[in-house]
Every structure is written in C-alpha cells, then in structure tokens.
>>> print(open('target_1.txt').read())   # compact mmCIF, C-alpha atoms
# COMPACT_ATOMS: atom_id res chain seq x y z
CA ASN Z 991 94.10 118.66 75.32
CA VAL Z 992 97.67 119.90 74.85
CA GLU Z 993 96.80 122.66 72.38
CA PHE Z 994 94.03 124.07 74.55
CA ALA Z 995 96.15 124.01 77.72
CA VAL Z 996 99.17 125.71 76.12
CA LYS Z 997 97.11 128.40 74.39
CA TYR Z 998 95.12 129.00 77.58
CA TRP Z 999 98.30 129.68 79.58
CA ILE Z 1000 99.62 132.01 76.89
CA GLN Z 1001 96.26 133.78 76.62
CA LYS Z 1002 96.36 134.43 80.37
CA GLY Z 1003 99.79 136.03 80.09
CA ALA Z 1004 102.30 133.21 80.60
CA PRO Z 1005 105.48 133.75 78.52
CA PRO Z 1006 105.78 130.81 76.07
CA SER Z 1007 109.49 130.48 76.87
CA LYS Z 1008 108.56 129.63 80.47
CA LEU Z 1009 106.18 126.83 79.49
CA ILE Z 1010 107.56 123.28 79.34
CA LEU Z 1011 105.46 120.70 77.52
CA GLY Z 1012 104.91 117.49 79.49
CA VAL Z 1013 105.16 114.31 77.43
CA PRO Z 1014 103.82 111.01 78.86
CA PHE Z 1015 105.81 107.80 78.44
CA TYR Z 1016 102.81 105.79 79.62
CA GLY Z 1017 99.22 104.93 78.75
CA ARG Z 1018 95.89 104.64 80.55
CA CYS Z 1019 94.04 101.38 80.14
CA PHE Z 1020 90.46 100.36 80.82
CA SER Z 1021 88.28 97.26 80.73
CA LEU Z 1022 85.52 97.66 78.16
CA GLN Z 1023 81.94 96.78 79.02
CA ASN Z 1024 81.44 95.49 75.49
CA PRO Z 1025 84.39 94.42 73.30
CA THR Z 1026 82.49 95.41 70.15
CA THR Z 1027 82.18 99.01 71.38
CA ASN Z 1028 85.83 100.01 71.41
CA GLY Z 1029 86.16 103.58 70.10
CA VAL Z 1030 87.09 106.72 72.02
CA GLY Z 1031 84.55 107.23 74.81
CA ALA Z 1032 83.43 103.58 74.90
CA PRO Z 1033 81.85 102.59 78.25
CA SER Z 1034 84.25 100.85 80.63
CA SER Z 1035 83.78 98.71 83.72
CA GLY Z 1036 86.94 99.92 85.48
CA ALA Z 1037 90.70 99.86 85.27
CA GLY Z 1038 92.49 97.74 82.71
CA LEU Z 1039 95.11 95.05 83.06
CA VAL Z 1040 98.18 95.27 85.31
CA GLY Z 1041 101.54 95.56 83.56
CA PRO Z 1042 104.44 93.25 84.49
CA TYR Z 1043 106.73 96.18 85.42
CA THR Z 1044 104.56 99.02 86.71
CA LYS Z 1045 102.08 96.63 88.41
CA GLU Z 1046 99.36 99.27 88.69
CA PRO Z 1047 95.77 98.74 87.47
CA GLY Z 1048 94.83 101.16 84.72
CA PHE Z 1049 98.41 102.27 84.05
CA LEU Z 1050 100.91 100.87 81.56
CA GLY Z 1051 104.40 102.08 80.71
CA TYR Z 1052 105.24 102.50 77.04
CA ASN Z 1053 107.70 99.60 77.34
CA GLU Z 1054 104.86 97.35 78.51
CA ILE Z 1055 102.53 98.61 75.78
CA CYS Z 1056 104.97 98.15 72.90
CA GLU Z 1057 105.91 94.66 74.10
CA MET Z 1058 102.22 93.71 74.14
CA MET Z 1059 101.73 95.15 70.65
CA ASP Z 1060 104.70 93.18 69.34
CA GLY Z 1061 103.41 89.96 70.93
CA ASP Z 1062 100.90 87.71 69.18
CA GLY Z 1063 99.49 90.47 66.94
CA SER Z 1064 96.05 90.31 68.55
CA TRP Z 1065 95.97 94.01 69.49
CA LYS Z 1066 94.19 96.32 67.04
CA LYS Z 1067 96.02 99.67 66.80
CA VAL Z 1068 94.20 102.87 65.78
CA PHE Z 1069 95.57 106.39 65.32
CA ASP Z 1070 93.03 109.06 66.27
CA GLU Z 1071 93.46 111.78 63.65
CA VAL Z 1072 91.50 114.29 65.73
CA GLN Z 1073 93.52 114.06 68.94
CA GLN Z 1074 96.67 112.94 67.09
CA VAL Z 1075 97.37 110.02 69.44
CA PRO Z 1076 97.07 106.24 69.15
CA TYR Z 1077 94.92 103.81 71.07
CA ALA Z 1078 94.63 100.03 70.89
CA TYR Z 1079 92.24 97.32 71.99
CA GLN Z 1080 92.15 93.57 72.40
CA ASP Z 1081 88.92 91.87 73.44
CA LYS Z 1082 87.82 93.85 76.54
CA GLN Z 1083 91.16 95.62 77.10
CA TRP Z 1084 91.62 99.20 75.82
CA VAL Z 1085 94.63 101.51 76.13
CA SER Z 1086 95.37 105.06 75.04
CA TYR Z 1087 99.03 106.08 74.90
CA ASP Z 1088 101.70 108.07 73.05
CA ASN Z 1089 104.07 106.58 70.49
CA MET Z 1090 106.92 108.04 68.43
CA LYS Z 1091 104.52 109.58 65.91
CA SER Z 1092 102.32 111.37 68.44
CA ILE Z 1093 105.31 112.53 70.50
CA ALA Z 1094 106.98 113.95 67.39
CA LEU Z 1095 103.78 115.91 66.71
CA LYS Z 1096 103.73 117.22 70.29
CA VAL Z 1097 107.34 118.37 70.12
CA GLN Z 1098 106.79 120.04 66.76
CA PHE Z 1099 103.84 121.85 68.33
CA ALA Z 1100 106.12 123.01 71.18
CA LYS Z 1101 108.55 124.42 68.63
CA LYS Z 1102 105.76 126.12 66.70
CA MET Z 1103 104.51 127.79 69.89
CA LYS Z 1104 108.12 128.72 70.91
CA LEU Z 1105 107.87 126.92 74.26
CA GLY Z 1106 110.81 126.48 76.58
CA GLY Z 1107 111.18 122.77 75.88
CA ALA Z 1108 109.75 119.43 76.95
CA MET Z 1109 109.82 117.15 79.99
CA VAL Z 1110 108.84 113.50 80.35
CA TRP Z 1111 107.11 111.27 82.86
CA SER Z 1112 108.90 109.13 83.15
CA ILE Z 1113 112.15 107.91 81.68
CA GLU Z 1114 112.06 104.36 83.10
CA THR Z 1115 108.86 103.56 81.18
CA ASP Z 1116 110.52 104.21 77.81
CA ASP Z 1117 111.75 101.10 75.96
CA PHE Z 1118 115.20 101.49 77.51
CA LYS Z 1119 116.23 97.94 76.60
CA GLY Z 1120 115.20 98.22 72.97
CA ASN Z 1121 112.87 95.22 73.08
CA CYS Z 1122 110.42 96.69 70.57
CA LYS Z 1123 112.62 96.92 67.46
CA ASP Z 1124 112.98 100.72 67.52
CA GLY Z 1125 116.25 100.83 69.43
CA ARG Z 1126 116.85 101.88 73.01
CA TYR Z 1127 114.92 104.90 74.35
CA PRO Z 1128 112.82 105.41 71.19
CA LEU Z 1129 110.55 108.03 72.77
CA LEU Z 1130 113.36 110.02 74.36
CA ASN Z 1131 115.31 109.98 71.12
CA THR Z 1132 112.21 111.16 69.25
CA ILE Z 1133 112.04 114.19 71.55
CA LYS Z 1134 115.75 114.88 71.14
CA LYS Z 1135 115.56 114.63 67.36
CA ASN Z 1136 112.55 116.92 67.05
CA LEU Z 1137 113.74 119.48 69.62
CA LYS Z 1138 116.85 120.31 67.61
CA GLY Z 1139 116.85 123.93 66.58
CA LEU Z 1140 114.40 124.99 69.31
CA GLU Z 1141 115.27 128.50 70.41
CA PRO Z 1142 112.69 129.98 72.80
CA ASP Z 1143 111.76 133.57 72.04
CA ASP Z 1144 112.30 135.72 75.14
CA THR Z 1145 110.95 138.90 73.56
CA ASP Z 1146 107.55 138.14 75.03
CA LEU Z 1147 108.75 138.31 78.64
CA PRO Z 1148 106.77 140.90 80.64
CA THR Z 1149 108.46 144.01 81.94
CA GLN Z 1150 109.53 143.75 85.60
CA GLN Z 1151 106.85 145.36 87.74
CA PRO Z 1152 107.95 147.66 90.58
CA ILE Z 1153 107.78 146.17 94.06
CA THR Z 1154 105.17 147.84 96.28
CA ASP Z 1155 104.25 147.59 99.93
CA GLU Z 1156 100.77 146.28 99.09
CA PRO Z 1157 100.11 143.14 101.15
CA PHE Z 1158 99.96 139.81 99.35
CA LYS Z 1159 96.38 138.67 98.65
CA THR Z 1160 95.50 135.02 98.34
CA ARG Z 1161 93.03 134.06 95.66
CA PRO Z 1162 91.63 130.63 94.81
CA THR Z 1163 92.89 128.53 91.91
CA PRO Z 1164 90.31 128.43 89.07
CA ASN Z 1165 88.28 125.27 88.71
CA ALA Z 1166 89.89 122.84 86.23
CA ARG Z 1167 86.90 123.01 83.88
CA ARG Z 1168 85.85 126.63 84.36
CA GLU Z 1169 87.51 130.02 84.55
CA SER Z 1170 85.94 130.94 87.88
CA THR Z 1171 85.76 129.25 91.24
CA THR Z 1172 82.64 127.35 92.18
CA GLU Z 1173 82.00 129.51 95.22
CA LYS Z 1174 83.40 132.69 96.72
CA PRO Z 1175 86.00 132.15 99.48
CA VAL Z 1176 84.41 131.89 102.89
CA PRO Z 1177 86.59 133.16 105.75
CA SER Z 1178 86.63 130.92 108.81
CA GLU Z 1179 87.57 131.46 112.43
CA ALA Z 1180 90.66 130.14 114.19
CA THR Z 1181 91.24 126.40 114.35
CA THR Z 1182 89.85 126.34 117.89
CA ASP Z 1183 86.41 127.23 116.50
CA ASN Z 1184 84.36 124.09 115.96
CA LYS Z 1185 82.64 125.72 112.94
CA SER Z 1186 85.86 125.75 110.91
CA PRO Z 1187 86.60 122.61 108.84
CA CYS Z 1188 90.30 123.51 108.83
CA LYS Z 1189 92.78 122.25 111.38
CA GLU Z 1190 95.90 122.82 109.28
CA PRO Z 1191 96.83 124.41 105.92
CA GLY Z 1192 96.36 122.37 102.75
CA TYR Z 1193 93.81 120.64 100.53
CA PHE Z 1194 91.18 118.37 102.08
CA VAL Z 1195 87.95 116.62 101.14
CA HIS Z 1196 84.84 118.70 101.78
CA PRO Z 1197 83.33 117.76 105.17
CA LYS Z 1198 79.92 117.08 103.59
CA THR Z 1199 80.68 115.49 100.19
CA CYS Z 1200 83.50 113.81 98.27
CA LYS Z 1201 82.37 115.67 95.15
CA LYS Z 1202 84.01 118.80 96.52
CA PHE Z 1203 87.28 119.72 98.18
CA ILE Z 1204 88.53 122.68 100.21
CA ASN Z 1205 91.75 124.67 100.40
CA CYS Z 1206 92.62 125.85 103.91
CA VAL Z 1207 94.82 128.95 103.77
CA GLN Z 1208 96.49 130.04 107.00
CA ASN Z 1209 95.61 133.51 108.30
CA TYR Z 1210 97.95 135.31 110.59
CA PRO Z 1211 98.13 135.53 113.51
CA SER Z 1212 95.36 132.91 113.67
CA GLY Z 1213 92.53 131.26 111.76
CA PHE Z 1214 92.01 130.11 108.18
CA THR Z 1215 90.37 131.24 104.97
CA VAL Z 1216 88.45 128.39 103.32
CA TYR Z 1217 88.04 128.04 99.55
CA GLU Z 1218 85.60 125.45 98.17
CA PHE Z 1219 85.89 123.74 94.77
CA ASP Z 1220 83.79 121.25 92.80
CA CYS Z 1221 85.41 118.12 91.40
CA PRO Z 1222 84.86 117.65 87.64
CA PRO Z 1223 81.77 115.57 86.76
CA GLY Z 1224 82.24 111.84 87.29
CA THR Z 1225 85.08 112.21 89.80
CA LEU Z 1226 85.51 112.19 93.58
CA TYR Z 1227 88.17 113.73 95.81
CA SER Z 1228 90.73 111.21 97.04
CA THR Z 1229 92.16 112.00 100.46
CA LYS Z 1230 95.10 109.71 99.73
CA MET Z 1231 96.03 111.18 96.34
CA LYS Z 1232 94.94 114.75 97.15
CA VAL Z 1233 93.22 115.11 93.75
CA CYS Z 1234 89.84 114.61 92.09
CA THR Z 1235 90.02 111.24 90.38
CA PHE Z 1236 87.99 108.26 89.21
CA PRO Z 1237 85.76 106.74 91.91
CA TYR Z 1238 87.71 103.44 91.99
CA GLN Z 1239 90.82 105.43 92.94
CA ALA Z 1240 88.96 107.15 95.76
CA SER Z 1241 87.90 103.93 97.46
CA GLU Z 1242 87.98 105.57 100.89
CA CYS Z 1243 84.91 107.57 99.81
CA LYS Z 1244 81.68 105.53 99.84
CA GLU Z 1245 79.68 108.22 98.05
CA LYS Z 1246 78.34 107.44 94.56
CA VAL Z 1247 79.04 109.74 91.62
>>> encode(input="target_1.txt", output="structure tokens")
Amino acid sequence: NVEFAVKYWIQKGAPPSKLILGVPFYGRCFSLQNPTTNGVGAPSSGAGLVGPYTKEPGFLGYNEICEMMDGDGSWKKVFDEVQQVPYAYQDKQWVSYDNMKSIALKVQFAKKMKLGGAMVWSIETDDFKGNCKDGRYPLLNTIKKNLKGLEPDDTDLPTQQPITDEPFKTRPTPNARRESTTEKPVPSEATTDNKSPCKEPGYFVHPKTCKKFINCVQNYPSGFTVYEFDCPPGTLYSTKMKVCTFPYQASECKEKV
C-alpha cells in the first residue's frame, strides 16, 4: 500500500523531498463469482464492465464511476477503514477506486511524510464536466486544497559523494515482493551464441515460462548479462505490456497460473 511503499523508499535512503506520491483518478473493476460474496478479496471471474469513455475491461475512470454511483442508486458503497479507500458493488460488478475522502487522506499523508508533492493518473478521468454534483475537477481540487502549505524538507538530502574512476556496476532490480532477486545474475555470451536468450537489451519473457521474465543488459564490446526474476504469485509476464499482470491481460501466454 501507499504507506509501506513510501516508508520503504525512505528506509532505503531516498530523500522524502524527492518522492512524489502518485494518486489514481481511476478504479479497477471485477466480475464477482458470487454476488453475495462482495468484500475485499472476494473471488472474481475476470475483468469488470467496460466504461463508456475509457472502453477498457477492468478499468473505470473516476468520472465513469461517480456517474454510475449517481445513477439509479443500486450501487452499494463501502469505505474500507483499514486501507482508507472506498469500493462499491452492484450484483456481480465490483470496483475499488479513490474518491475525494481517500485522496484527501493520501495528500495529508504526503504532507506528514514531507514528500515533494503529488502527481495524478490521469487528469482526463476526473469529473472535468462536473456531472457528479461536486463541481468540476473534484479530485484535482481536493489535491490542491490539501497540498496548501506543503514545504518539503531538504535537510535530509545526502551529501554529494566524490566522483571516482570506479567502473559502473549493473545490479538487478529487487523483486517486487522481496528484497532480493530470485536468482543471481547469470552472465551470457555474445548474441551470436545460441545459448544466450538475449538478442537485444531490455525486458523479455523467460524462454521457458511466462511466470518469469529476464532483463538483458548489454555488455561491451559484446554479449549480455542476463538477470532472471519471478512474477508475483497469480500473475504472468505479458510480452505486450512488458510487466507481470493478471493472466487475462497476458493472453499471448497459454500457460496456466
């Protein structure tokens, strides 16, 4: 969650004034397997409904969500006091999102932690027409209102380290769910070697399983160093999106989770 991520970065030495808190102007929606089981963590059968503006399964802009909530009143809204965010459900449809209350709490947390500010994704999914009775740009205005008086503390900036002639060393990015990589980096030969899975620099699906991915780092004058990573449980690596994601979003992979 937000608190864990921010405190983790600071614990690892990131200056708070260089951290910008991302605030979502959208929600993730799912189709419930059973409409009577509708709490956090309820089993789903896949992505939720498609919004009239974003037109993407499983994704709804805040403007779409608030218009649905203000419709026939059939949506049941719940505020999760643990995670400090709302979710709502109607029959088999379930959506988790941020509203003015949860965004105000996030921004107040950013001020408390003396972060550099906030950014949004993305401005066109706010209620920019004011269709939901809270005026135009309610989420953006909530951020503006709560950010007033934010003055990042630069006293925690690290002292400039002297520049040395020591060569730059590449190291793998830690796994998203653990503080260490899943395997030690395995150096490979040049791209002409058939044993190397790398033909160019970048991130690619593991040649043997979609549950892993590799990072091909260019060596000079030739060859690659290969780093292997596990995808988090329940996800597969999508070659189109270049991330570990839900299996339905990695349709090019036929492997089961």
>>> closest_residue(input="target_1.txt", among="Z:Leu1137, Z:Phe1194, Z:Gly1107, Z:Ser1212", to="Cys1234 (chain Z)", atoms="only C-alpha atoms")
Z:Phe1194
>>> closest_residue(input="target_1.txt", among="Z:Val1085, Z:Ala1032, Z:Leu1011, Z:Cys1243", to="Phe1049 (chain Z)", atoms="all atoms listed in the file")
Z:Val1085
>>> residues_near_point(input="target_1.txt", point="(84.8, 122.2, 93.1)", cutoff="6 Å", atoms="only C-alpha atoms", output="mmCIF file with C-alpha atoms, in the frame of the given file")
data_model
loop_
_atom_site.group_PDB
_atom_site.id
_atom_site.type_symbol
_atom_site.label_atom_id
_atom_site.label_comp_id
_atom_site.auth_asym_id
_atom_site.auth_seq_id
_atom_site.Cartn_x
_atom_site.Cartn_y
_atom_site.Cartn_z
ATOM 1 C CA THR Z 1172 82.640 127.350 92.180
ATOM 2 C CA LYS Z 1202 84.010 118.800 96.520
ATOM 3 C CA PHE Z 1219 85.890 123.740 94.770
ATOM 4 C CA ASP Z 1220 83.790 121.250 92.800
ATOM 5 C CA CYS Z 1221 85.410 118.120 91.400
#
>>> atom_distance(input="target_1.txt", atom1="CA of Pro1187 (chain Z)", atom2="CA of Ser1228 (chain Z)")
16.9 Å
>>> residues_near_point(input="target_1.txt", point="(112.6, 108.0, 73.1)", cutoff="9 Å", atoms="only C-alpha atoms", output="PyMOL selection string")
chain Z and resi 1015+1090+1093+1113+1116-1118+1125-1134
>>> closest_residue(input="target_1.txt", among="Z:Lys1189, Z:Val1247, Z:Gly1061, Z:Lys1091", to="Pro1222 (chain Z)", atoms="all atoms listed in the file")
Z:Val1247
>>> residues_around(input="target_1.txt", residues="Pro1076 (chain Z)", least_positions_apart="2", cutoff="8 Å", atoms="all atoms listed in the file", output="list in words")
Lys1067, Val1068, Phe1069, Asp1070, Gln1074, Ala1078, Ser1086, Tyr1087, Asp1088, Asn1089 and Ser1092 of chain Z
>>> atom_distance(input="target_1.txt", atom1="CA of Ile1204 (chain Z)", atom2="CA of Val1216 (chain Z)")
6.5 Å
>>> atom_distance(input="target_1.txt", atom1="CA of Asn1028 (chain Z)", atom2="CA of Ser1112 (chain Z)")
27.4 Å
>>> closest_residue(input="target_1.txt", among="Z:Gly1017, Z:Gly1192, Z:Pro1223, Z:Gly1003", to="Ile1055 (chain Z)", atoms="only C-alpha atoms")
Z:Gly1017
>>> decode(input="target_1.txt", residues="region 1122-1136 of chain Z", atoms="all heavy atoms", output="mmCIF file, in the first residue's frame")
data_model
loop_
_atom_site.group_PDB
_atom_site.id
_atom_site.type_symbol
_atom_site.label_atom_id
_atom_site.label_comp_id
_atom_site.auth_asym_id
_atom_site.auth_seq_id
_atom_site.Cartn_x
_atom_site.Cartn_y
_atom_site.Cartn_z
ATOM 1 N N CYS Z 1122 -21.167 15.109 -11.452
ATOM 2 C CA CYS Z 1122 -21.470 14.340 -10.236
ATOM 3 C C CYS Z 1122 -21.716 15.209 -9.005
ATOM 4 O O CYS Z 1122 -21.484 14.776 -7.877
ATOM 5 C CB CYS Z 1122 -20.334 13.355 -9.969
ATOM 6 S SG CYS Z 1122 -20.109 12.145 -11.299
ATOM 7 N N LYS Z 1123 -22.109 16.443 -9.214
ATOM 8 C CA LYS Z 1123 -22.605 17.323 -8.138
ATOM 9 C C LYS Z 1123 -21.519 17.838 -7.186
ATOM 10 O O LYS Z 1123 -21.829 18.451 -6.176
ATOM 11 C CB LYS Z 1123 -23.686 16.603 -7.318
ATOM 12 C CG LYS Z 1123 -24.854 16.104 -8.154
ATOM 13 C CD LYS Z 1123 -25.831 15.283 -7.312
ATOM 14 C CE LYS Z 1123 -26.942 14.706 -8.170
ATOM 15 N NZ LYS Z 1123 -27.866 13.869 -7.375
ATOM 16 N N ASP Z 1124 -20.249 17.580 -7.511
ATOM 17 C CA ASP Z 1124 -19.170 18.090 -6.665
ATOM 18 C C ASP Z 1124 -18.335 19.137 -7.387
ATOM 19 O O ASP Z 1124 -17.207 19.430 -6.970
ATOM 20 C CB ASP Z 1124 -18.263 16.938 -6.217
ATOM 21 C CG ASP Z 1124 -18.969 16.000 -5.247
ATOM 22 O OD1 ASP Z 1124 -19.547 16.497 -4.268
ATOM 23 O OD2 ASP Z 1124 -18.937 14.777 -5.485
ATOM 24 N N GLY Z 1125 -18.881 19.693 -8.450
ATOM 25 C CA GLY Z 1125 -18.159 20.696 -9.216
ATOM 26 C C GLY Z 1125 -17.191 20.067 -10.204
ATOM 27 O O GLY Z 1125 -17.027 18.845 -10.260
ATOM 28 N N ARG Z 1126 -16.567 20.900 -11.008
ATOM 29 C CA ARG Z 1126 -15.611 20.409 -11.995
ATOM 30 C C ARG Z 1126 -14.284 20.075 -11.319
ATOM 31 O O ARG Z 1126 -13.862 20.741 -10.387
ATOM 32 C CB ARG Z 1126 -15.384 21.464 -13.074
ATOM 33 C CG ARG Z 1126 -16.647 21.829 -13.860
ATOM 34 C CD ARG Z 1126 -16.333 22.878 -14.906
ATOM 35 N NE ARG Z 1126 -15.400 22.348 -15.910
ATOM 36 C CZ ARG Z 1126 -14.668 23.125 -16.711
ATOM 37 N NH1 ARG Z 1126 -14.746 24.442 -16.601
ATOM 38 N NH2 ARG Z 1126 -13.857 22.581 -17.598
ATOM 39 N N TYR Z 1127 -13.640 19.018 -11.784
ATOM 40 C CA TYR Z 1127 -12.352 18.556 -11.269
ATOM 41 C C TYR Z 1127 -12.360 18.390 -9.748
ATOM 42 O O TYR Z 1127 -11.517 18.942 -9.035
ATOM 43 C CB TYR Z 1127 -11.231 19.521 -11.679
ATOM 44 C CG TYR Z 1127 -11.013 19.609 -13.168
ATOM 45 C CD1 TYR Z 1127 -11.543 20.667 -13.902
ATOM 46 C CD2 TYR Z 1127 -10.284 18.632 -13.848
ATOM 47 C CE1 TYR Z 1127 -11.359 20.752 -15.268
ATOM 48 C CE2 TYR Z 1127 -10.078 18.714 -15.219
ATOM 49 C CZ TYR Z 1127 -10.624 19.777 -15.928
ATOM 50 O OH TYR Z 1127 -10.430 19.858 -17.291
ATOM 51 N N PRO Z 1128 -13.276 17.610 -9.198
ATOM 52 C CA PRO Z 1128 -13.340 17.467 -7.733
ATOM 53 C C PRO Z 1128 -12.094 16.825 -7.133
ATOM 54 O O PRO Z 1128 -11.663 17.219 -6.044
ATOM 55 C CB PRO Z 1128 -14.581 16.602 -7.520
ATOM 56 C CG PRO Z 1128 -14.741 15.848 -8.794
ATOM 57 C CD PRO Z 1128 -14.310 16.789 -9.869
ATOM 58 N N LEU Z 1129 -11.513 15.838 -7.824
ATOM 59 C CA LEU Z 1129 -10.332 15.173 -7.281
ATOM 60 C C LEU Z 1129 -9.107 16.079 -7.344
ATOM 61 O O LEU Z 1129 -8.331 16.175 -6.385
ATOM 62 C CB LEU Z 1129 -10.063 13.860 -8.031
ATOM 63 C CG LEU Z 1129 -11.198 12.831 -8.037
ATOM 64 C CD1 LEU Z 1129 -10.724 11.526 -8.674
ATOM 65 C CD2 LEU Z 1129 -11.721 12.569 -6.632
ATOM 66 N N LEU Z 1130 -8.933 16.742 -8.465
ATOM 67 C CA LEU Z 1130 -7.794 17.650 -8.617
ATOM 68 C C LEU Z 1130 -7.872 18.794 -7.609
ATOM 69 O O LEU Z 1130 -6.863 19.186 -7.000
ATOM 70 C CB LEU Z 1130 -7.745 18.193 -10.041
ATOM 71 C CG LEU Z 1130 -6.463 18.922 -10.458
ATOM 72 C CD1 LEU Z 1130 -5.261 17.995 -10.391
ATOM 73 C CD2 LEU Z 1130 -6.609 19.497 -11.860
ATOM 74 N N ASN Z 1131 -9.066 19.319 -7.414
ATOM 75 C CA ASN Z 1131 -9.236 20.398 -6.443
ATOM 76 C C ASN Z 1131 -9.020 19.913 -5.013
ATOM 77 O O ASN Z 1131 -8.556 20.684 -4.157
ATOM 78 C CB ASN Z 1131 -10.633 21.015 -6.590
ATOM 79 C CG ASN Z 1131 -10.728 21.936 -7.786
ATOM 80 O OD1 ASN Z 1131 -9.784 22.671 -8.076
ATOM 81 N ND2 ASN Z 1131 -11.850 21.912 -8.489
ATOM 82 N N THR Z 1132 -9.341 18.653 -4.750
ATOM 83 C CA THR Z 1132 -9.068 18.085 -3.425
ATOM 84 C C THR Z 1132 -7.570 18.048 -3.159
ATOM 85 O O THR Z 1132 -7.104 18.374 -2.058
ATOM 86 C CB THR Z 1132 -9.656 16.665 -3.319
ATOM 87 O OG1 THR Z 1132 -11.079 16.734 -3.444
ATOM 88 C CG2 THR Z 1132 -9.308 16.030 -1.982
ATOM 89 N N ILE Z 1133 -6.796 17.655 -4.174
ATOM 90 C CA ILE Z 1133 -5.339 17.641 -4.028
ATOM 91 C C ILE Z 1133 -4.813 19.051 -3.794
ATOM 92 O O ILE Z 1133 -4.005 19.299 -2.886
ATOM 93 C CB ILE Z 1133 -4.683 17.018 -5.275
ATOM 94 C CG1 ILE Z 1133 -5.035 15.535 -5.382
ATOM 95 C CG2 ILE Z 1133 -3.166 17.193 -5.232
ATOM 96 C CD1 ILE Z 1133 -4.523 14.868 -6.632
ATOM 97 N N LYS Z 1134 -5.280 19.986 -4.604
ATOM 98 C CA LYS Z 1134 -4.823 21.378 -4.488
ATOM 99 C C LYS Z 1134 -5.120 21.935 -3.097
ATOM 100 O O LYS Z 1134 -4.264 22.565 -2.466
ATOM 101 C CB LYS Z 1134 -5.502 22.228 -5.554
ATOM 102 C CG LYS Z 1134 -5.132 23.703 -5.499
ATOM 103 C CD LYS Z 1134 -5.883 24.484 -6.559
ATOM 104 C CE LYS Z 1134 -5.548 25.985 -6.456
ATOM 105 N NZ LYS Z 1134 -6.299 26.775 -7.470
ATOM 106 N N LYS Z 1135 -6.327 21.688 -2.626
ATOM 107 C CA LYS Z 1135 -6.737 22.205 -1.320
ATOM 108 C C LYS Z 1135 -5.880 21.626 -0.197
ATOM 109 O O LYS Z 1135 -5.454 22.354 0.717
ATOM 110 C CB LYS Z 1135 -8.213 21.874 -1.082
ATOM 111 C CG LYS Z 1135 -8.731 22.284 0.286
ATOM 112 C CD LYS Z 1135 -10.194 21.878 0.461
ATOM 113 C CE LYS Z 1135 -10.705 22.226 1.847
ATOM 114 N NZ LYS Z 1135 -12.129 21.795 2.038
ATOM 115 N N ASN Z 1136 -5.608 20.330 -0.257
ATOM 116 C CA ASN Z 1136 -4.879 19.681 0.830
ATOM 117 C C ASN Z 1136 -3.367 19.821 0.722
ATOM 118 O O ASN Z 1136 -2.660 19.583 1.707
ATOM 119 C CB ASN Z 1136 -5.258 18.197 0.881
ATOM 120 C CG ASN Z 1136 -6.623 17.964 1.487
ATOM 121 O OD1 ASN Z 1136 -6.766 17.847 2.690
ATOM 122 N ND2 ASN Z 1136 -7.647 17.913 0.624
#
